[in-house]
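Asker: One structure is given below, represented as structure tokens, and several questions about it will come after.
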Amino acid sequence: MLSPGALADRLGVSVATVVLGVLGVAAAAIGGWWALRPPAGPDPAEILPMAGTVPIPTPAPPPSAAPEPELIVVDVVGAVVRPGVHELPASSRVADAIDAAGGFTADADRVRLNLAEFLADGSRVWVPAVGETSSPDLVPVVTASGSGGPAGDDRGEASAPVDINTADAARLEALPGVGPSLAAAIVEHRSRNGPFASIDELIEVSGIGPVKLEQIRPAATVTGQ
């Protein structure tokens, strides 16, 4: 490799000229490299999200267990395959009670029943046979204390017949299958149309069908009978 002095002698120029030329070439090379270098990539901190900003999915809580359905107890008697006491959901109708009892027998007089009527806890569904005109009498339940109803119940008067012409709404609720709304309907009908001539006239009260009437009949009476 020639020294700057030798190169200056060969070219017939001064050593300073040679040094300046070498520096110029080096500067041009560095400028070209700087201009042609690939662009710098973005800062990784600008690409990667901060740990605190990344949402962390949380598993959904397991569904809570569905509450047990409220049940009612219904006594199905008469022309059914399996007469007896059956448990049903609280929103059941007469048709559900018949199904629970195995369905009608061949001699059942099903047209006398309102299968769409709702049932209450403690209801008695009597399915008459063709030609049968009256339901079996109900025997009052007598506890050790001598009063009707559950042991310890002080409503002994519930075992006595309820006069549908004189009883107030609270007393009428002692009738089988009669709740506050139906008791109020009986009182309203009585006030609007006068006393009942017979228990059969209860069928005219909204909410009382043939099945409900037969439930009420053994526990009811009318003034003058």
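For the structure tokens, the naming scheme is as follows: chains receive sequential letters (A, B, ...) according to their order of presentation, residues are indexed from 1 within each chain, and ligands are indexed from 1 in presentation order.
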Write out as an MDAnalysis selection string each polymer residue whose atoms come within 9 Å of stretch 175-186 of chain A, counting only C-alpha atoms; drop sequence neighbours fewer than 5 positions from it.

Answerer: chainID A and resid 119:124 158 161:162 164 168:170 191 202 205:208 212 215:217 219:220

Asker: When you count only C-alpha atoms, which of these residues is closest to A:Gly78: A:Ala197, A:Val125, A:Ala27, A:Ala95?

Answerer: A:Val125

Asker: Do a neighbour search on A:Thr221 at 10 Å with only C-alpha atoms, toss out local chain neighbours closer than 6 positions, and write the hits as a list in words.

Answerer: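 In the requested form, the answer reads Ala160, Pro161, Val162, Asp163, Ile164, Asn165, Thr166, Phe196, Ser198 and Ile199 of chain A.
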
Asker: Nearest residue to A:Val76 out of A:Val130, A:Ala26, A:Ala167, A:Ile98, using only C-alpha atoms?

Answerer: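 Answer, going by the shortest atom-to-atom distance: A:Ile98.
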
Asker: Mind checking which residues fall within 10 Å of A:Asp200, counting only C-alpha atoms, ignoring those fewer than 6 positions away in the same chain, and posting them as a list in words?

Answerer: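 Returned residues: Pro210, Leu213, Glu214 and Arg217 of chain A.
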
Asker: How about saving the chosen residues, N, CA, C and O atoms kept, as a CSV table (one decimal), in the first residue's frame?

Answerer:
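The new file result_21.csv reads:
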chain,number,residue,atom,x,y,z
A,210,PRO,N,-117.5,-27.5,37.7
A,210,PRO,CA,-118.1,-28.7,38.3
A,210,PRO,C,-117.2,-29.4,39.3
A,210,PRO,O,-117.7,-29.9,40.3
A,213,LEU,N,-117.1,-27.3,42.5
A,213,LEU,CA,-118.4,-27.4,43.1
A,213,LEU,C,-118.5,-28.7,44.0
A,213,LEU,O,-118.9,-28.7,45.1
A,214,GLU,N,-118.0,-29.8,43.4
A,214,GLU,CA,-118.1,-31.1,44.1
A,214,GLU,C,-117.1,-31.1,45.3
A,214,GLU,O,-117.3,-31.8,46.3
A,217,ARG,N,-119.1,-29.0,48.0
A,217,ARG,CA,-120.4,-29.4,48.4
A,217,ARG,C,-120.5,-30.1,49.8
A,217,ARG,O,-121.3,-29.7,50.6
